[in-house]
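Novice: Just start23.pdb, nothing more (PDB, C-alpha atoms):
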ATOM      1  CA  GLY A   1      19.152  -1.600 -10.087  1.00  0.00           C
ATOM      2  CA  ASN A   2      15.827  -2.618  -8.629  1.00  0.00           C
ATOM      3  CA  SER A   3      13.581  -5.081 -10.388  1.00  0.00           C
ATOM      4  CA  VAL A   4      10.468  -7.106  -9.718  1.00  0.00           C
ATOM      5  CA  THR A   5       9.525 -10.363 -11.407  1.00  0.00           C
ATOM      6  CA  GLN A   6       6.077 -11.840 -11.109  1.00  0.00           C
ATOM      7  CA  MET A   7       4.423 -14.795 -12.730  1.00  0.00           C
ATOM      8  CA  GLU A   8       2.764 -14.248 -16.047  1.00  0.00           C
ATOM      9  CA  GLY A   9      -0.929 -14.607 -16.368  1.00  0.00           C
ATOM     10  CA  PRO A  10      -3.652 -14.948 -16.848  1.00  0.00           C
ATOM     11  CA  VAL A  11      -4.279 -17.083 -13.811  1.00  0.00           C
ATOM     12  CA  THR A  12      -7.647 -18.753 -14.190  1.00  0.00           C
ATOM     13  CA  LEU A  13      -9.350 -20.205 -11.135  1.00  0.00           C
ATOM     14  CA  SER A  14     -12.737 -21.377 -10.031  1.00  0.00           C
ATOM     15  CA  GLU A  15     -14.463 -19.628  -7.166  1.00  0.00           C
ATOM     16  CA  GLU A  16     -13.220 -20.739  -3.723  1.00  0.00           C
ATOM     17  CA  ALA A  17      -9.919 -22.026  -5.123  1.00  0.00           C
ATOM     18  CA  PHE A  18      -6.598 -21.221  -3.478  1.00  0.00           C
ATOM     19  CA  LEU A  19      -4.560 -18.462  -5.069  1.00  0.00           C
ATOM     20  CA  THR A  20      -0.816 -17.937  -5.238  1.00  0.00           C
ATOM     21  CA  ILE A  21       0.829 -15.290  -7.365  1.00  0.00           C
ATOM     22  CA  ASN A  22       4.601 -15.459  -7.169  1.00  0.00           C
ATOM     23  CA  CYS A  23       6.749 -12.363  -6.873  1.00  0.00           C
ATOM     24  CA  THR A  24      10.509 -12.100  -6.483  1.00  0.00           C
ATOM     25  CA  TYR A  25      12.621  -9.001  -6.373  1.00  0.00           C
ATOM     26  CA  THR A  26      16.118  -7.650  -6.743  1.00  0.00           C
ATOM     27  CA  ALA A  27      17.063  -4.595  -4.738  1.00  0.00           C
ATOM     28  CA  THR A  28      19.845  -3.016  -2.781  1.00  0.00           C
ATOM     29  CA  GLY A  29      19.334  -2.455   0.888  1.00  0.00           C
ATOM     30  CA  TYR A  30      16.035  -3.148   2.566  1.00  0.00           C
ATOM     31  CA  PRO A  31      13.112  -2.256   0.315  1.00  0.00           C
ATOM     32  CA  SER A  32       9.456  -2.065   1.215  1.00  0.00           C
ATOM     33  CA  LEU A  33       7.235  -4.442  -0.750  1.00  0.00           C
ATOM     34  CA  PHE A  34       3.716  -3.902  -2.031  1.00  0.00           C
ATOM     35  CA  TRP A  35       0.879  -5.569  -3.845  1.00  0.00           C
ATOM     36  CA  TYR A  36      -1.426  -3.342  -5.861  1.00  0.00           C
ATOM     37  CA  VAL A  37      -4.666  -4.384  -7.521  1.00  0.00           C
ATOM     38  CA  GLN A  38      -6.261  -2.854 -10.591  1.00  0.00           C
ATOM     39  CA  TYR A  39      -9.916  -3.659 -11.192  1.00  0.00           C
ATOM     40  CA  PRO A  40     -11.259  -3.211 -14.717  1.00  0.00           C
ATOM     41  CA  GLY A  41     -11.556   0.446 -15.632  1.00  0.00           C
ATOM     42  CA  GLU A  42     -10.103   1.675 -12.358  1.00  0.00           C
ATOM     43  CA  GLY A  43      -6.778   2.931 -11.038  1.00  0.00           C
ATOM     44  CA  LEU A  44      -4.301   0.932  -8.996  1.00  0.00           C
ATOM     45  CA  GLN A  45      -5.187   0.425  -5.351  1.00  0.00           C
ATOM     46  CA  LEU A  46      -2.818  -0.594  -2.608  1.00  0.00           C
ATOM     47  CA  LEU A  47      -3.799  -4.086  -1.487  1.00  0.00           C
ATOM     48  CA  LEU A  48      -1.159  -4.748   1.158  1.00  0.00           C
ATOM     49  CA  LYS A  49       2.415  -3.982   2.058  1.00  0.00           C
ATOM     50  CA  ALA A  50       5.338  -5.081   4.213  1.00  0.00           C
ATOM     51  CA  THR A  51       8.209  -2.876   5.220  1.00  0.00           C
ATOM     52  CA  LYS A  52      10.719  -5.294   6.725  1.00  0.00           C
ATOM     53  CA  ALA A  53      11.794  -8.903   6.603  1.00  0.00           C
ATOM     54  CA  ASP A  54       9.314 -11.454   7.978  1.00  0.00           C
ATOM     55  CA  ASP A  55       6.494  -8.907   8.031  1.00  0.00           C
ATOM     56  CA  LYS A  56       3.181 -10.220   6.780  1.00  0.00           C
ATOM     57  CA  GLY A  57       0.863  -7.864   4.975  1.00  0.00           C
ATOM     58  CA  SER A  58      -2.801  -8.769   4.837  1.00  0.00           C
ATOM     59  CA  ASN A  59      -6.035  -7.271   3.548  1.00  0.00           C
ATOM     60  CA  LYS A  60      -9.385  -8.576   2.270  1.00  0.00           C
ATOM     61  CA  GLY A  61      -8.263 -12.171   2.810  1.00  0.00           C
ATOM     62  CA  PHE A  62      -5.036 -11.699   0.852  1.00  0.00           C
ATOM     63  CA  GLU A  63      -1.672 -12.237   2.516  1.00  0.00           C
ATOM     64  CA  ALA A  64       1.975 -11.891   1.574  1.00  0.00           C
ATOM     65  CA  THR A  65       5.093 -12.435   3.672  1.00  0.00           C
ATOM     66  CA  TYR A  66       8.333 -10.539   3.141  1.00  0.00           C
ATOM     67  CA  ARG A  67      10.983 -13.253   2.729  1.00  0.00           C
ATOM     68  CA  LYS A  68      14.429 -11.720   2.591  1.00  0.00           C
ATOM     69  CA  GLU A  69      16.221 -15.043   2.320  1.00  0.00           C
ATOM     70  CA  THR A  70      14.374 -15.909  -0.882  1.00  0.00           C
ATOM     71  CA  THR A  71      13.771 -12.281  -1.970  1.00  0.00           C
ATOM     72  CA  SER A  72      10.117 -13.101  -2.410  1.00  0.00           C
ATOM     73  CA  PHE A  73       6.724 -11.620  -1.593  1.00  0.00           C
ATOM     74  CA  HIS A  74       4.194 -14.138  -2.888  1.00  0.00           C
ATOM     75  CA  LEU A  75       0.517 -13.186  -2.774  1.00  0.00           C
ATOM     76  CA  GLU A  76      -1.931 -15.767  -1.421  1.00  0.00           C
ATOM     77  CA  LYS A  77      -5.624 -16.068  -0.750  1.00  0.00           C
ATOM     78  CA  GLY A  78      -7.320 -19.136   0.609  1.00  0.00           C
ATOM     79  CA  SER A  79     -10.610 -18.822  -1.258  1.00  0.00           C
ATOM     80  CA  VAL A  80     -10.980 -16.495  -4.220  1.00  0.00           C
ATOM     81  CA  GLN A  81     -14.209 -14.882  -5.326  1.00  0.00           C
ATOM     82  CA  VAL A  82     -15.383 -13.730  -8.727  1.00  0.00           C
ATOM     83  CA  SER A  83     -14.997 -10.167  -7.486  1.00  0.00           C
ATOM     84  CA  ASP A  84     -11.249 -10.758  -7.057  1.00  0.00           C
ATOM     85  CA  SER A  85     -10.838 -10.825 -10.825  1.00  0.00           C
ATOM     86  CA  ALA A  86      -8.347  -8.060 -11.556  1.00  0.00           C
ATOM     87  CA  VAL A  87      -4.711  -7.406 -12.425  1.00  0.00           C
ATOM     88  CA  TYR A  88      -2.292  -7.686  -9.510  1.00  0.00           C
ATOM     89  CA  PHE A  89       1.019  -5.807  -9.437  1.00  0.00           C
ATOM     90  CA  CYS A  90       3.934  -6.554  -7.152  1.00  0.00           C
ATOM     91  CA  ALA A  91       6.132  -3.542  -6.437  1.00  0.00           C
ATOM     92  CA  LEU A  92       8.999  -2.373  -4.292  1.00  0.00           C
ATOM     93  CA  SER A  93      10.199   0.913  -2.922  1.00  0.00           C
ATOM     94  CA  SER A  94      13.796   1.488  -2.012  1.00  0.00           C
ATOM     95  CA  ASN A  95      12.752   3.758   0.845  1.00  0.00           C
ATOM     96  CA  SER A  96      15.241   6.394  -0.182  1.00  0.00           C
ATOM     97  CA  GLY A  97      13.881   9.871  -0.776  1.00  0.00           C
ATOM     98  CA  TYR A  98      10.485   9.769  -2.433  1.00  0.00           C
ATOM     99  CA  SER A  99       8.550   6.544  -2.434  1.00  0.00           C
ATOM    100  CA  THR A 100       9.579   5.693  -5.985  1.00  0.00           C
ATOM    101  CA  LEU A 101       8.015   2.390  -6.964  1.00  0.00           C
ATOM    102  CA  THR A 102       9.388  -0.339  -9.210  1.00  0.00           C
ATOM    103  CA  PHE A 103       6.612  -2.542 -10.575  1.00  0.00           C
ATOM    104  CA  GLY A 104       6.368  -6.055 -11.899  1.00  0.00           C
ATOM    105  CA  LYS A 105       4.506  -6.633 -15.161  1.00  0.00           C
ATOM    106  CA  GLY A 106       1.254  -7.502 -13.481  1.00  0.00           C
ATOM    107  CA  THR A 107      -0.674 -10.766 -13.315  1.00  0.00           C
ATOM    108  CA  MET A 108      -4.258 -10.990 -14.475  1.00  0.00           C
ATOM    109  CA  LEU A 109      -6.508 -13.123 -12.292  1.00  0.00           C
ATOM    110  CA  LEU A 110      -9.739 -14.476 -13.719  1.00  0.00           C
ATOM    111  CA  VAL A 111     -12.139 -16.190 -11.330  1.00  0.00           C
ATOM    112  CA  SER A 112     -15.100 -18.056 -12.721  1.00  0.00           C
ATOM    113  CA  PRO A 113     -18.247 -18.984 -10.778  1.00  0.00           C
TER     114      PRO A 113
ATOM    115  CA  GLY B   1     -10.953   9.612   0.383  1.00  0.00           C
ATOM    116  CA  ALA B   2      -7.637   9.942  -1.501  1.00  0.00           C
ATOM    117  CA  VAL B   3      -9.160   9.879  -4.959  1.00  0.00           C
ATOM    118  CA  VAL B   4      -7.118  10.757  -8.024  1.00  0.00           C
ATOM    119  CA  SER B   5      -8.734  11.476 -11.362  1.00  0.00           C
ATOM    120  CA  GLN B   6      -7.316  11.735 -14.853  1.00  0.00           C
ATOM    121  CA  HIS B   7      -8.716  13.497 -17.854  1.00  0.00           C
ATOM    122  CA  PRO B   8      -9.274  12.457 -20.510  1.00  0.00           C
ATOM    123  CA  SER B   9      -9.648   8.744 -19.972  1.00  0.00           C
ATOM    124  CA  TRP B  10      -8.786   8.170 -23.609  1.00  0.00           C
ATOM    125  CA  VAL B  11      -7.689  10.318 -26.512  1.00  0.00           C
ATOM    126  CA  ILE B  12      -6.967   9.778 -30.184  1.00  0.00           C
ATOM    127  CA  CYS B  13      -4.897  12.343 -32.011  1.00  0.00           C
ATOM    128  CA  LYS B  14      -3.087  12.862 -35.270  1.00  0.00           C
ATOM    129  CA  SER B  15       0.662  12.569 -35.545  1.00  0.00           C
ATOM    130  CA  GLY B  16       2.377  15.896 -34.910  1.00  0.00           C
ATOM    131  CA  THR B  17      -0.217  17.301 -32.559  1.00  0.00           C
ATOM    132  CA  SER B  18       0.158  17.870 -28.828  1.00  0.00           C
ATOM    133  CA  VAL B  19      -1.985  16.259 -26.177  1.00  0.00           C
ATOM    134  CA  LYS B  20      -2.468  17.358 -22.574  1.00  0.00           C
ATOM    135  CA  ILE B  21      -3.411  14.920 -19.826  1.00  0.00           C
ATOM    136  CA  GLU B  22      -4.576  16.185 -16.447  1.00  0.00           C
ATOM    137  CA  CYS B  23      -4.084  14.490 -13.096  1.00  0.00           C
ATOM    138  CA  ARG B  24      -6.073  15.798 -10.143  1.00  0.00           C
ATOM    139  CA  SER B  25      -6.167  14.875  -6.490  1.00  0.00           C
ATOM    140  CA  LEU B  26      -9.841  15.370  -5.715  1.00  0.00           C
ATOM    141  CA  ASP B  27      -9.973  15.389  -1.947  1.00  0.00           C
ATOM    142  CA  PHE B  28      -6.425  15.951  -0.781  1.00  0.00           C
ATOM    143  CA  GLN B  29      -3.380  18.051  -1.484  1.00  0.00           C
ATOM    144  CA  ALA B  30      -0.425  16.479  -3.214  1.00  0.00           C
ATOM    145  CA  THR B  31       2.972  18.142  -3.192  1.00  0.00           C
ATOM    146  CA  THR B  32       4.348  15.255  -5.244  1.00  0.00           C
ATOM    147  CA  MET B  33       2.814  13.481  -8.202  1.00  0.00           C
ATOM    148  CA  PHE B  34       4.269  10.784 -10.408  1.00  0.00           C
ATOM    149  CA  TRP B  35       3.733  10.008 -14.073  1.00  0.00           C
ATOM    150  CA  TYR B  36       4.001   6.446 -15.359  1.00  0.00           C
ATOM    151  CA  ARG B  37       3.758   4.859 -18.763  1.00  0.00           C
ATOM    152  CA  GLN B  38       2.485   1.339 -19.312  1.00  0.00           C
ATOM    153  CA  PHE B  39       2.916  -0.702 -22.470  1.00  0.00           C
ATOM    154  CA  PRO B  40       0.699  -3.723 -23.119  1.00  0.00           C
ATOM    155  CA  LYS B  41       1.607  -6.644 -20.885  1.00  0.00           C
ATOM    156  CA  GLN B  42       4.450  -4.671 -19.327  1.00  0.00           C
ATOM    157  CA  SER B  43       4.987  -3.049 -16.008  1.00  0.00           C
ATOM    158  CA  LEU B  44       4.453   0.586 -15.159  1.00  0.00           C
ATOM    159  CA  MET B  45       7.548   2.594 -15.981  1.00  0.00           C
ATOM    160  CA  LEU B  46       8.155   5.764 -14.006  1.00  0.00           C
ATOM    161  CA  MET B  47       8.585   8.710 -16.363  1.00  0.00           C
ATOM    162  CA  ALA B  48       8.966  11.604 -13.989  1.00  0.00           C
ATOM    163  CA  THR B  49       8.372  12.941 -10.515  1.00  0.00           C
ATOM    164  CA  SER B  50       6.443  16.184 -10.358  1.00  0.00           C
ATOM    165  CA  ASN B  51       6.748  18.564  -7.426  1.00  0.00           C
ATOM    166  CA  GLU B  52       4.386  21.471  -6.906  1.00  0.00           C
ATOM    167  CA  GLY B  53       5.994  24.741  -7.851  1.00  0.00           C
ATOM    168  CA  SER B  54       9.230  23.307  -9.200  1.00  0.00           C
ATOM    169  CA  LYS B  55      10.588  21.520 -12.234  1.00  0.00           C
ATOM    170  CA  ALA B  56       9.852  17.868 -12.692  1.00  0.00           C
ATOM    171  CA  THR B  57      12.559  15.256 -12.279  1.00  0.00           C
ATOM    172  CA  TYR B  58      12.699  12.961 -15.284  1.00  0.00           C
ATOM    173  CA  GLU B  59      13.884   9.372 -15.328  1.00  0.00           C
ATOM    174  CA  GLN B  60      16.767   8.400 -17.520  1.00  0.00           C
ATOM    175  CA  GLY B  61      15.747   8.048 -21.128  1.00  0.00           C
ATOM    176  CA  VAL B  62      12.617  10.194 -20.870  1.00  0.00           C
ATOM    177  CA  GLU B  63      12.747  13.305 -23.059  1.00  0.00           C
ATOM    178  CA  LYS B  64      11.745  16.283 -20.976  1.00  0.00           C
ATOM    179  CA  ASP B  65      11.075  18.407 -24.058  1.00  0.00           C
ATOM    180  CA  LYS B  66       8.809  15.702 -25.403  1.00  0.00           C
ATOM    181  CA  PHE B  67       6.869  15.094 -22.213  1.00  0.00           C
ATOM    182  CA  LEU B  68       6.204  18.439 -20.562  1.00  0.00           C
ATOM    183  CA  ILE B  69       5.074  18.260 -16.960  1.00  0.00           C
ATOM    184  CA  ASN B  70       3.556  21.115 -15.009  1.00  0.00           C
ATOM    185  CA  HIS B  71       2.529  20.933 -11.356  1.00  0.00           C
ATOM    186  CA  ALA B  72       1.140  24.394 -10.790  1.00  0.00           C
ATOM    187  CA  SER B  73      -1.080  23.646  -7.806  1.00  0.00           C
ATOM    188  CA  LEU B  74      -1.350  21.193  -4.959  1.00  0.00           C
ATOM    189  CA  THR B  75      -4.155  19.349  -6.705  1.00  0.00           C
ATOM    190  CA  LEU B  76      -3.210  19.389 -10.381  1.00  0.00           C
ATOM    191  CA  SER B  77      -0.372  18.095 -12.498  1.00  0.00           C
ATOM    192  CA  THR B  78      -0.436  18.013 -16.283  1.00  0.00           C
ATOM    193  CA  LEU B  79       1.496  15.943 -18.794  1.00  0.00           C
ATOM    194  CA  THR B  80       1.716  17.300 -22.325  1.00  0.00           C
ATOM    195  CA  VAL B  81       2.918  14.989 -25.051  1.00  0.00           C
ATOM    196  CA  THR B  82       4.316  17.347 -27.667  1.00  0.00           C
ATOM    197  CA  SER B  83       4.440  16.562 -31.370  1.00  0.00           C
ATOM    198  CA  ALA B  84       3.022  13.144 -30.709  1.00  0.00           C
ATOM    199  CA  HIS B  85       3.986  10.180 -32.866  1.00  0.00           C
ATOM    200  CA  PRO B  86       2.538   6.672 -33.087  1.00  0.00           C
ATOM    201  CA  GLU B  87       5.296   5.331 -30.834  1.00  0.00           C
ATOM    202  CA  ASP B  88       3.960   7.597 -28.075  1.00  0.00           C
ATOM    203  CA  SER B  89       0.745   5.587 -28.047  1.00  0.00           C
ATOM    204  CA  SER B  90       0.487   4.092 -24.587  1.00  0.00           C
ATOM    205  CA  PHE B  91      -1.372   4.054 -21.299  1.00  0.00           C
ATOM    206  CA  TYR B  92      -0.336   6.938 -19.051  1.00  0.00           C
ATOM    207  CA  ILE B  93      -0.999   6.709 -15.318  1.00  0.00           C
ATOM    208  CA  CYS B  94      -0.443   9.307 -12.640  1.00  0.00           C
ATOM    209  CA  SER B  95      -0.231   8.962  -8.894  1.00  0.00           C
ATOM    210  CA  ALA B  96      -0.141  11.412  -6.015  1.00  0.00           C
ATOM    211  CA  LEU B  97       1.407  11.481  -2.577  1.00  0.00           C
ATOM    212  CA  LEU B  98      -0.783  12.795   0.216  1.00  0.00           C
ATOM    213  CA  ALA B  99       0.944  15.881   1.605  1.00  0.00           C
ATOM    214  CA  GLY B 100       1.945  15.211   5.192  1.00  0.00           C
ATOM    215  CA  GLY B 101       0.351  11.791   5.072  1.00  0.00           C
ATOM    216  CA  PRO B 102       1.633   8.211   4.847  1.00  0.00           C
ATOM    217  CA  ASN B 103       4.255   7.484   2.223  1.00  0.00           C
ATOM    218  CA  GLU B 104       1.701   5.935  -0.124  1.00  0.00           C
ATOM    219  CA  GLN B 105       0.927   6.725  -3.735  1.00  0.00           C
ATOM    220  CA  PHE B 106      -2.721   7.024  -4.805  1.00  0.00           C
ATOM    221  CA  PHE B 107      -3.234   6.209  -8.453  1.00  0.00           C
ATOM    222  CA  GLY B 108      -5.434   7.663 -11.146  1.00  0.00           C
ATOM    223  CA  PRO B 109      -7.378   5.430 -13.555  1.00  0.00           C
ATOM    224  CA  GLY B 110      -5.051   6.110 -16.463  1.00  0.00           C
ATOM    225  CA  THR B 111      -5.331   7.711 -19.897  1.00  0.00           C
ATOM    226  CA  ARG B 112      -5.152   5.722 -23.108  1.00  0.00           C
ATOM    227  CA  LEU B 113      -3.376   7.719 -25.828  1.00  0.00           C
ATOM    228  CA  THR B 114      -3.553   6.586 -29.432  1.00  0.00           C
ATOM    229  CA  VAL B 115      -1.592   8.540 -32.023  1.00  0.00           C
ATOM    230  CA  LEU B 116      -2.568   7.919 -35.631  1.00  0.00           C
TER     231      LEU B 116
END
Just dump the structure as C-alpha cells.
Specialist:
Amino acid sequence: GNSVTQMEGPVTLSEEAFLTINCTYTATGYPSLFWYVQYPGEGLQLLLKATKADDKGSNKGFEATYRKETTSFHLEKGSVQVSDSAVYFCALSSNSGYSTLTFGKGTMLLVSP
Amino acid sequence: GAVVSQHPSWVICKSGTSVKIECRSLDFQATTMFWYRQFPKQSLMLMATSNEGSKATYEQGVEKDKFLINHASLTLSTLTVTSAHPEDSSFYICSALLAGGPNEQFFGPGTRLTVL
C-alpha cells in the first residue's frame, strides 16, 4: 500500500536559516505529491504540489522536487521566517478515483527570531 | 475562497453518549467530503469518503455503525460518534472537494473530541 515517511520534529531554526524537511514515499504507479501546512489553530492548507517526476512545486519561497529515482519530495526554503512556524505534512495521492490522500506524520517547524 | 468550517472546535462528553461534528463548505459546493482522524504525533488517517446524497464509503477497520456519516447537502457533512468511549478521543478533521473544480481537498480546522 501507499505510505509516506517524513522526518520527525520539531525542527528548530533561527530566522533566515535554510530549511529542509525530508519526505520519502512508497506507492504503486505514479502518485501526485503534496506538502500541506497547518498553522496553529487552523486547518491544513495546500502549500505546493507536483504531479509527475522531476516536477518542482513552489510557493511562498518553499520548493520541493518530485524525485522518482529516490522516491523523495523534500521540502526546502532558503530563508525561513518566524511566520513559517507550523506543522508541515507530506502527502501523496494515487490519482485513481477520488483524490484520496495518504499523509506523513507531520513535522513541526519552530523558527525563533 | 474555499473555506471549510467545523463545529464544534472541541467537545468533551461522557462515555456512552453520542457526539455530532459538522463540516461545512462555506463558499463552495462539495459533492465529496472526507473525514480523517489524527492521533497525537501521528498522521491523518482517512476514515471515510462522504458523497452527497449517497452512503459513505468507509476505510478498512472503521466501524460504520460507530461513526455515522451523513452528507445531506452540497455544503454539509456530519460525523456522529455513537456511544463514545475514551478510546474515541481524538482530533477529527474533515475536508471537501470543490465540485467541478481542481482535484484539491480543502481542510477544516478540526474538532478535538475528549471522552471521559
Novice: With chain A as the partner and 10 Å as the cut-off, tabulate the residues of chain B that qualify, each row holding the nearest pair of atoms and their distance in Å to one decimal, using only C-alpha atoms, sorted by chain and rising number, as CSV.
Specialist:
residue,atom,partner,partner_atom,distance
B:Val3,CA,A:Gly43,CA,9.5
B:Val4,CA,A:Gly43,CA,8.4
B:Ser5,CA,A:Gly43,CA,8.8
B:Gln6,CA,A:Gly43,CA,9.6
B:Ser9,CA,A:Gly41,CA,9.6
B:Thr32,CA,A:Tyr98,CA,8.7
B:Phe34,CA,A:Thr100,CA,8.6
B:Gln38,CA,A:Lys105,CA,9.2
B:Phe39,CA,A:Lys105,CA,9.5
B:Pro40,CA,A:Lys105,CA,9.3
B:Lys41,CA,A:Lys105,CA,6.4
B:Gln42,CA,A:Lys105,CA,4.6
B:Ser43,CA,A:Lys105,CA,3.7
B:Leu44,CA,A:Phe103,CA,6.0
B:Met45,CA,A:Phe103,CA,7.5
B:Leu46,CA,A:Leu101,CA,7.8
B:Ala48,CA,A:Thr100,CA,10.0
B:Thr49,CA,A:Thr100,CA,8.6
B:Ile93,CA,A:Gly43,CA,8.1
B:Cys94,CA,A:Gly43,CA,9.1
B:Ser95,CA,A:Leu44,CA,9.0
B:Leu97,CA,A:Ser99,CA,8.7
B:Asn103,CA,A:Ser99,CA,6.4
B:Glu104,CA,A:Ser99,CA,7.3
B:Gln105,CA,A:Ser99,CA,7.7
B:Phe106,CA,A:Gln45,CA,7.1
B:Phe107,CA,A:Leu44,CA,5.4
B:Gly108,CA,A:Gly43,CA,4.9
B:Pro109,CA,A:Gly43,CA,3.6
B:Gly110,CA,A:Gly43,CA,6.5
Novice: Can you list what the PyMOL selection byres ((chain B and resi 22) around 9) grabs from this structure, as a list in words?
Specialist: Ser5, Gln6, His7, Pro8, Lys20, Ile21, Cys23, Arg24, Leu76, Ser77, Thr78, Leu79, Thr80 and Cys94 of chain B
Novice: Could you tell me how far atom CA of Tyr66 of chain A sits from atom CA of Ala27 of chain A, in Å to one decimal place?
Specialist: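 Straight-line distance from atom CA of Ala27 of chain A to atom CA of Tyr66 of chain A works out to 13.2 Å.
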Novice: Using atom CA of Glu16 of chain A and atom CA of Gln81 of chain A as the two end points, give the distance in Å to one decimal.
Specialist: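 These two atoms are separated by 6.2 Å.
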Novice: Once you add 5 Å to each side, what are the centre and edge lengths of the axis-aligned box holding all listed atoms of segment 66-81 of chain A? One decimal in Å, as lines of an AutoDock Vina configuration file, if you can.
Specialist:
center_x = 1.0
center_y = -14.8
center_z = -1.1
size_x = 40.4
size_y = 18.6
size_z = 18.5
